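> Here it is: the structure, laid out below.
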Amino acid sequence: MSEFWINLLAALAKMGIMISIVMGLATLLTWVERKQSAIMQDRLGANRADIFGFRIIGLFHPFADAIKMITKEDFVPPFSDRLLHTLAPVIAFSTALMVFAVIPLGPSVVIAGHRITGQIANINIGLLYIFAFGGLAVYSAVIAGWSSNNKYTLLGAVRASAQMISYEVCLGLSLIGAIMIYGTYDLTNMVAQGQSGYILGWIPRWGLFLQPLAALLFLPAAIAENKRIPFDLPECESEILGFFTEYSGLRAGMFMFAEFIELIAVAALFSVVFLGGWLVPYLTWGADGANIPWCAFQFPWGGMWYIEMWVGKALEFGALFFKIAFMIYFMILIRWTLPRFRYDQVMKLGWKYLLPLAMLNLLVTGVVLVVM
Amino acid sequence: MELILFIITALVALGSAFMVITRRSPIASVLFLILTFFCLAVFYVMLGAQFIAAMQIIVYAGAIMVLFLFVLMLLNLRGTQSWEVGNPLRKWLGFAAAGGILLVAATAIKSVGMIGTELDPALGTVESVGRNLFTRFLLPFEIASVLLLGAIIGTVAMVKQKQSESAEEKGGEEQ
């Protein structure tokens, strides 16, 4: 088989794996979110759906939700723009999924003599690609709000686009600090750089420790971009009506599902840029004199603990999934802890606090880089 | 393989560009313009200019077109506007302007040479664009940034002026 077909086959396989993981995780998250809210509110939570009396702690609820959404009436409001009304959830869903083309889901592995990287598309502009498709998510909100032909949804769309555009600036500037440190846009390269040496001899060189302010600014900006509490003013369909109020059935479900996919994307991006991706602290790869590779925990206080190669790889895949799962859990925790901001507070936080701090971070990073 | 992709993208680009100027609803025009920009980004990728392709989508499709859409939606133009152009002179001015742009574009393409020119594969990467921008084209780059700064200050000045006017109307209740 020629190199072209192997690459094509690997890319297709990776796409399949990536989509199944993301979709599966997003389905599970609908349950996790409800269960977490139940825990926070001191009740038992989603545990009623059962098949022949088996409830398995409410894990049938995602399927019950899916059946409900598919069988609900799919109502399109009269006088609305039918085509655009249908297009909006598709845009929300596809832009959220497209981002995963450059997010690595693990270290590169060697299969039958071929090196296969952990990301689907290994491109020079990794992070910019994420911005490009992340930025297009605004269209879904704007088109949804406008095409519904309803003043309240239009207002929701205006709120959504103003918020998303404002926080995109801060999101970009906070990540530029990390790009300056790593000197690359490629997410795999960013992770690989974390492998070289330690700060003060024992702290791993992860984005969180190299760019703590950027990490602190990235998280609220990303949550605002994702339109989750405390920044859920564009949606809040229960009280002040959001941009997808006029959607029902599977289309409303697509908007909600897209939000969960974005949540996974944000968690994955944070893990890769700021938490060292798949790196396990002190896990080192090397080769001895006879060029036989080894894998070991090389502790800064001088201990060495050799482990099998496959155990090392499994640990790295596990580490990335653990980090992503932790970030998702953290954001769901925030969602059920904080109340919603007022809209002027959202704008003030974005433009008057996060943006100047992001600029300051860039300035300090630049000065430090020049001096060093 | 690449030729097939090129032909498909070119057809979509031309078709959507044609739709931009023939649709009655301005919203549809904007959406087709976004599709055209996407096709242009695909061309950039095929030329190896990944960075420029990303910028095309982030800046044009992602930011400027959102602004267009925003304004159109707030004005709530639903394709009810008539196509009549009041002054016939305006039509001819439009033709003249389009012809001028075509002439400039044609001259530029002719000076570069069209098909079959060997391109440096590293031309459009982040590194090479950055290096060129900060060495060879430093002066135009800085002038552009001063222009943008002027536009920003102008916008702030206009907003401030409006704010003080409305404050005077309300008898200075709000600042």
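All residue names refer to the structure tokens as shown: chains lettered A, B, ... in order, residues numbered from 1 in each chain, ligands numbered from 1 in order.
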List every residue of chain A that has an atom at most 6 Å from any atom of chain B, giving for each one its closest atom pair and the distance in Å to one decimal, counting only C-alpha atoms, sorted by chain and then by ascending residue number, as CSV.


```
residue,atom,partner,partner_atom,distance
A:Ala132,CA,B:Ile58,CA,4.7
A:Gly135,CA,B:Gly62,CA,5.5
A:Leu136,CA,B:Gly62,CA,5.5
```

> List the spatial neighbours of Leu5 in chain B as a list in words - criterion: any atom at most 10 Å away, only C-alpha atoms, same-chain residues fewer than 5 positions off excluded.

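The residues that qualify are Ala10, Leu11, Val42, Phe43 and Met46 of chain B.
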
> Next, write the just-selected residues to a file, as a PDB file, in the first residue's frame, keeping N, CA, C and O atoms as the atom set.


```
ATOM      1  N   ALA B  10     -14.268  26.015  -7.738  1.00  0.00           N
ATOM      2  CA  ALA B  10     -14.403  27.180  -8.615  1.00  0.00           C
ATOM      3  C   ALA B  10     -15.856  27.355  -9.040  1.00  0.00           C
ATOM      4  O   ALA B  10     -16.379  28.483  -9.056  1.00  0.00           O
ATOM      5  N   LEU B  11     -16.518  26.224  -9.361  1.00  0.00           N
ATOM      6  CA  LEU B  11     -17.919  26.317  -9.775  1.00  0.00           C
ATOM      7  C   LEU B  11     -18.782  26.851  -8.636  1.00  0.00           C
ATOM      8  O   LEU B  11     -19.631  27.723  -8.835  1.00  0.00           O
ATOM      9  N   VAL B  42     -10.575  27.804   0.453  1.00  0.00           N
ATOM     10  CA  VAL B  42     -10.165  26.502  -0.079  1.00  0.00           C
ATOM     11  C   VAL B  42      -9.067  26.685  -1.125  1.00  0.00           C
ATOM     12  O   VAL B  42      -8.084  25.937  -1.159  1.00  0.00           O
ATOM     13  N   PHE B  43      -9.210  27.721  -1.974  1.00  0.00           N
ATOM     14  CA  PHE B  43      -8.156  27.992  -2.964  1.00  0.00           C
ATOM     15  C   PHE B  43      -6.821  28.271  -2.283  1.00  0.00           C
ATOM     16  O   PHE B  43      -5.781  27.773  -2.703  1.00  0.00           O
ATOM     17  N   MET B  46      -5.262  25.151  -1.167  1.00  0.00           N
ATOM     18  CA  MET B  46      -4.703  24.378  -2.280  1.00  0.00           C
ATOM     19  C   MET B  46      -3.383  24.967  -2.764  1.00  0.00           C
ATOM     20  O   MET B  46      -2.546  24.265  -3.311  1.00  0.00           O
TER      21      MET B  46
END
```

> Just the residues within 10 Å of Gly15 in chain B, please, counting only C-alpha atoms, with nothing from its chain fewer than 6 positions along; format it as a PDB file with all heavy atoms, in the first residue's frame.


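around_34.pdb, written as the output of this step:
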```pdb
ATOM      1  N   THR B   9     -14.714  23.550  -6.511  1.00  0.00           N
ATOM      2  CA  THR B   9     -14.689  24.776  -5.697  1.00  0.00           C
ATOM      3  C   THR B   9     -14.898  26.009  -6.562  1.00  0.00           C
ATOM      4  O   THR B   9     -15.614  26.937  -6.164  1.00  0.00           O
ATOM      5  CB  THR B   9     -13.345  24.894  -4.956  1.00  0.00           C
ATOM      6  OG1 THR B   9     -12.960  23.609  -4.509  1.00  0.00           O
ATOM      7  CG2 THR B   9     -13.464  25.815  -3.779  1.00  0.00           C
ATOM      8  N   PHE B  32     -24.575  34.033   0.865  1.00  0.00           N
ATOM      9  CA  PHE B  32     -23.856  33.526  -0.306  1.00  0.00           C
ATOM     10  C   PHE B  32     -22.448  34.115  -0.387  1.00  0.00           C
ATOM     11  O   PHE B  32     -21.521  33.459  -0.846  1.00  0.00           O
ATOM     12  CB  PHE B  32     -24.631  33.820  -1.588  1.00  0.00           C
ATOM     13  CG  PHE B  32     -25.671  32.790  -1.883  1.00  0.00           C
ATOM     14  CD1 PHE B  32     -27.010  33.088  -1.836  1.00  0.00           C
ATOM     15  CD2 PHE B  32     -25.288  31.492  -2.172  1.00  0.00           C
ATOM     16  CE1 PHE B  32     -27.966  32.125  -2.082  1.00  0.00           C
ATOM     17  CE2 PHE B  32     -26.233  30.515  -2.421  1.00  0.00           C
ATOM     18  CZ  PHE B  32     -27.586  30.832  -2.379  1.00  0.00           C
ATOM     19  N   LEU B  35     -20.282  32.021   1.669  1.00  0.00           N
ATOM     20  CA  LEU B  35     -19.933  30.793   0.935  1.00  0.00           C
ATOM     21  C   LEU B  35     -18.807  31.075  -0.059  1.00  0.00           C
ATOM     22  O   LEU B  35     -17.867  30.280  -0.189  1.00  0.00           O
ATOM     23  CB  LEU B  35     -21.175  30.265   0.221  1.00  0.00           C
ATOM     24  CG  LEU B  35     -21.044  28.908  -0.448  1.00  0.00           C
ATOM     25  CD1 LEU B  35     -20.678  27.847   0.569  1.00  0.00           C
ATOM     26  CD2 LEU B  35     -22.334  28.539  -1.152  1.00  0.00           C
ATOM     27  N   THR B  36     -18.875  32.235  -0.728  1.00  0.00           N
ATOM     28  CA  THR B  36     -17.815  32.607  -1.673  1.00  0.00           C
ATOM     29  C   THR B  36     -16.476  32.717  -0.948  1.00  0.00           C
ATOM     30  O   THR B  36     -15.448  32.230  -1.440  1.00  0.00           O
ATOM     31  CB  THR B  36     -18.149  33.958  -2.339  1.00  0.00           C
ATOM     32  OG1 THR B  36     -19.518  33.960  -2.690  1.00  0.00           O
ATOM     33  CG2 THR B  36     -17.299  34.172  -3.559  1.00  0.00           C
TER      34      THR B  36
END
```

> Report as a ChimeraX atom specification: the residues of range 106-155 of chain B with a DSSP assignment of helix (DSSP H, G or I), based on the backbone of this structure.

/B:106-112,126-134,138-155

> Taking 3 positions as the minimum chain separation for residues in the same chain, which residues sit within 6 Å of range 187-192 of chain A when counting only C-alpha atoms? Answer as a ChimeraX atom specification.

/A:182,195,276-277

> Hey, what does DSSP flag as strand (DSSP E or B) within range 271-324 of chain A? Can you give it to me as a PyMOL selection string?

chain A and resi 283-287+293-298+304-307

> Write the selection just made, keeping N, CA, C and O atoms, as a short mmCIF file (atom, residue, chain, number, x, y, z; two decimals), in the first residue's frame?


```cif
data_model
loop_
_atom_site.label_atom_id
_atom_site.label_comp_id
_atom_site.auth_asym_id
_atom_site.auth_seq_id
_atom_site.Cartn_x
_atom_site.Cartn_y
_atom_site.Cartn_z
N LEU A 283 7.00 11.08 33.51
CA LEU A 283 7.09 9.91 32.63
C LEU A 283 8.02 10.28 31.47
O LEU A 283 7.78 11.24 30.75
N THR A 284 9.10 9.56 31.31
CA THR A 284 10.12 9.91 30.33
C THR A 284 10.30 8.75 29.34
O THR A 284 10.23 7.58 29.72
N TRP A 285 10.53 9.12 28.07
CA TRP A 285 10.82 8.13 27.04
C TRP A 285 12.27 8.32 26.64
O TRP A 285 12.74 9.43 26.51
N GLY A 286 12.96 7.22 26.40
CA GLY A 286 14.35 7.36 25.99
C GLY A 286 14.82 6.09 25.31
O GLY A 286 14.05 5.15 25.08
N ALA A 287 16.12 6.08 24.98
CA ALA A 287 16.71 4.88 24.38
C ALA A 287 18.07 4.67 25.02
O ALA A 287 18.79 5.63 25.29
N PRO A 293 14.49 1.26 23.02
CA PRO A 293 13.72 2.27 23.74
C PRO A 293 13.26 1.78 25.11
O PRO A 293 13.03 0.59 25.31
N TRP A 294 13.18 2.72 26.02
CA TRP A 294 12.64 2.42 27.34
C TRP A 294 11.67 3.50 27.77
O TRP A 294 11.59 4.57 27.17
N CYS A 295 10.91 3.22 28.78
CA CYS A 295 9.92 4.14 29.30
C CYS A 295 9.94 4.04 30.81
O CYS A 295 9.92 2.93 31.35
N ALA A 296 10.06 5.18 31.49
CA ALA A 296 10.20 5.12 32.93
C ALA A 296 9.74 6.42 33.57
O ALA A 296 9.70 7.46 32.92
N PHE A 297 9.37 6.31 34.83
CA PHE A 297 9.14 7.52 35.63
C PHE A 297 10.50 7.96 36.15
O PHE A 297 11.16 7.23 36.89
N GLN A 298 10.93 9.16 35.74
CA GLN A 298 12.22 9.66 36.17
C GLN A 298 11.98 10.78 37.16
O GLN A 298 11.75 11.93 36.79
N MET A 304 14.17 6.10 39.66
CA MET A 304 13.78 5.66 38.32
C MET A 304 12.87 4.45 38.49
O MET A 304 13.16 3.53 39.25
N TRP A 305 11.75 4.46 37.75
CA TRP A 305 10.84 3.33 37.86
C TRP A 305 10.47 2.93 36.44
O TRP A 305 9.67 3.58 35.80
N TYR A 306 11.11 1.86 35.96
CA TYR A 306 10.88 1.42 34.59
C TYR A 306 9.54 0.73 34.47
O TYR A 306 9.15 -0.05 35.34
N ILE A 307 8.81 1.04 33.38
CA ILE A 307 7.55 0.34 33.12
C ILE A 307 7.54 -0.13 31.68
O ILE A 307 8.35 0.30 30.86
#
```

> Find the distance between CA of Ala96 in chain B and CA of Tyr44 in chain B and write it in Å to one decimal.

29.1 Å

> Fewer than 3 positions away in the same chain doesn't count, so skip those; otherwise give me all residues within 9 Å of Trp146 in chain A, counting only C-alpha atoms, as a PDB file with N, CA, C and O atoms, in the first residue's frame.


```pdb
ATOM      1  N   SER A  80     -41.748  32.430   9.119  1.00  0.00           N
ATOM      2  CA  SER A  80     -40.306  32.371   9.320  1.00  0.00           C
ATOM      3  C   SER A  80     -39.643  31.952   8.011  1.00  0.00           C
ATOM      4  O   SER A  80     -40.302  31.458   7.099  1.00  0.00           O
ATOM      5  N   ASP A  81     -38.337  32.171   7.967  1.00  0.00           N
ATOM      6  CA  ASP A  81     -37.585  31.755   6.787  1.00  0.00           C
ATOM      7  C   ASP A  81     -37.253  30.285   6.941  1.00  0.00           C
ATOM      8  O   ASP A  81     -36.378  29.905   7.721  1.00  0.00           O
ATOM      9  N   LEU A  84     -33.472  29.043   6.314  1.00  0.00           N
ATOM     10  CA  LEU A  84     -32.499  29.496   7.313  1.00  0.00           C
ATOM     11  C   LEU A  84     -32.816  28.903   8.679  1.00  0.00           C
ATOM     12  O   LEU A  84     -31.914  28.587   9.455  1.00  0.00           O
ATOM     13  N   HIS A  85     -34.110  28.745   8.962  1.00  0.00           N
ATOM     14  CA  HIS A  85     -34.530  28.157  10.224  1.00  0.00           C
ATOM     15  C   HIS A  85     -33.976  26.740  10.356  1.00  0.00           C
ATOM     16  O   HIS A  85     -33.589  26.299  11.439  1.00  0.00           O
ATOM     17  N   ALA A 141     -26.363  31.349  15.964  1.00  0.00           N
ATOM     18  CA  ALA A 141     -27.213  32.134  16.866  1.00  0.00           C
ATOM     19  C   ALA A 141     -27.917  33.250  16.099  1.00  0.00           C
ATOM     20  O   ALA A 141     -29.123  33.455  16.240  1.00  0.00           O
ATOM     21  N   VAL A 142     -27.153  33.968  15.262  1.00  0.00           N
ATOM     22  CA  VAL A 142     -27.735  35.109  14.549  1.00  0.00           C
ATOM     23  C   VAL A 142     -28.831  34.644  13.594  1.00  0.00           C
ATOM     24  O   VAL A 142     -29.937  35.200  13.571  1.00  0.00           O
ATOM     25  N   ILE A 143     -28.535  33.597  12.828  1.00  0.00           N
ATOM     26  CA  ILE A 143     -29.513  33.125  11.844  1.00  0.00           C
ATOM     27  C   ILE A 143     -30.737  32.546  12.542  1.00  0.00           C
ATOM     28  O   ILE A 143     -31.878  32.797  12.141  1.00  0.00           O
ATOM     29  N   ASN A 149     -38.392  34.934  13.098  1.00  0.00           N
ATOM     30  CA  ASN A 149     -39.363  36.002  12.905  1.00  0.00           C
ATOM     31  C   ASN A 149     -40.090  36.335  14.205  1.00  0.00           C
ATOM     32  O   ASN A 149     -41.314  36.340  14.279  1.00  0.00           O
ATOM     33  N   ASN A 150     -39.316  36.559  15.243  1.00  0.00           N
ATOM     34  CA  ASN A 150     -39.869  36.830  16.559  1.00  0.00           C
ATOM     35  C   ASN A 150     -38.951  37.863  17.204  1.00  0.00           C
ATOM     36  O   ASN A 150     -37.732  37.735  17.159  1.00  0.00           O
ATOM     37  N   LYS A 151     -39.540  38.910  17.767  1.00  0.00           N
ATOM     38  CA  LYS A 151     -38.706  40.001  18.305  1.00  0.00           C
ATOM     39  C   LYS A 151     -37.810  39.524  19.435  1.00  0.00           C
ATOM     40  O   LYS A 151     -36.673  39.943  19.577  1.00  0.00           O
ATOM     41  N   THR A 153     -36.580  36.445  19.962  1.00  0.00           N
ATOM     42  CA  THR A 153     -35.442  35.645  19.488  1.00  0.00           C
ATOM     43  C   THR A 153     -34.407  36.544  18.822  1.00  0.00           C
ATOM     44  O   THR A 153     -33.216  36.301  18.932  1.00  0.00           O
ATOM     45  N   LEU A 154     -34.871  37.594  18.141  1.00  0.00           N
ATOM     46  CA  LEU A 154     -33.923  38.518  17.513  1.00  0.00           C
ATOM     47  C   LEU A 154     -33.078  39.199  18.587  1.00  0.00           C
ATOM     48  O   LEU A 154     -31.862  39.323  18.453  1.00  0.00           O
ATOM     49  N   LEU A 155     -33.746  39.608  19.687  1.00  0.00           N
ATOM     50  CA  LEU A 155     -32.996  40.220  20.791  1.00  0.00           C
ATOM     51  C   LEU A 155     -32.000  39.223  21.369  1.00  0.00           C
ATOM     52  O   LEU A 155     -30.859  39.578  21.678  1.00  0.00           O
ATOM     53  N   ALA A 157     -30.582  36.834  19.748  1.00  0.00           N
ATOM     54  CA  ALA A 157     -29.493  36.694  18.785  1.00  0.00           C
ATOM     55  C   ALA A 157     -28.524  37.859  18.908  1.00  0.00           C
ATOM     56  O   ALA A 157     -27.307  37.676  18.829  1.00  0.00           O
ATOM     57  N   PHE A 243     -32.243  32.887  21.686  1.00  0.00           N
ATOM     58  CA  PHE A 243     -32.357  32.862  20.226  1.00  0.00           C
ATOM     59  C   PHE A 243     -32.991  31.587  19.699  1.00  0.00           C
ATOM     60  O   PHE A 243     -33.505  31.572  18.600  1.00  0.00           O
TER      61      PHE A 243
ATOM     62  N   MET B  73     -29.982  42.594   9.836  1.00  0.00           N
ATOM     63  CA  MET B  73     -31.061  42.037  10.640  1.00  0.00           C
ATOM     64  C   MET B  73     -31.706  43.110  11.507  1.00  0.00           C
ATOM     65  O   MET B  73     -32.911  43.100  11.711  1.00  0.00           O
ATOM     66  N   ASN B  76     -33.889  44.973   9.578  1.00  0.00           N
ATOM     67  CA  ASN B  76     -34.988  44.088   9.205  1.00  0.00           C
ATOM     68  C   ASN B  76     -35.407  44.259   7.747  1.00  0.00           C
ATOM     69  O   ASN B  76     -36.566  44.516   7.434  1.00  0.00           O
TER      70      ASN B  76
END
```

> In Å, with one decimal, what is the gap from CA of Thr184 in chain A to CA of Ile125 in chain A?

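Straight-line distance from CA of Thr184 in chain A to CA of Ile125 in chain A works out to 8.4 Å.
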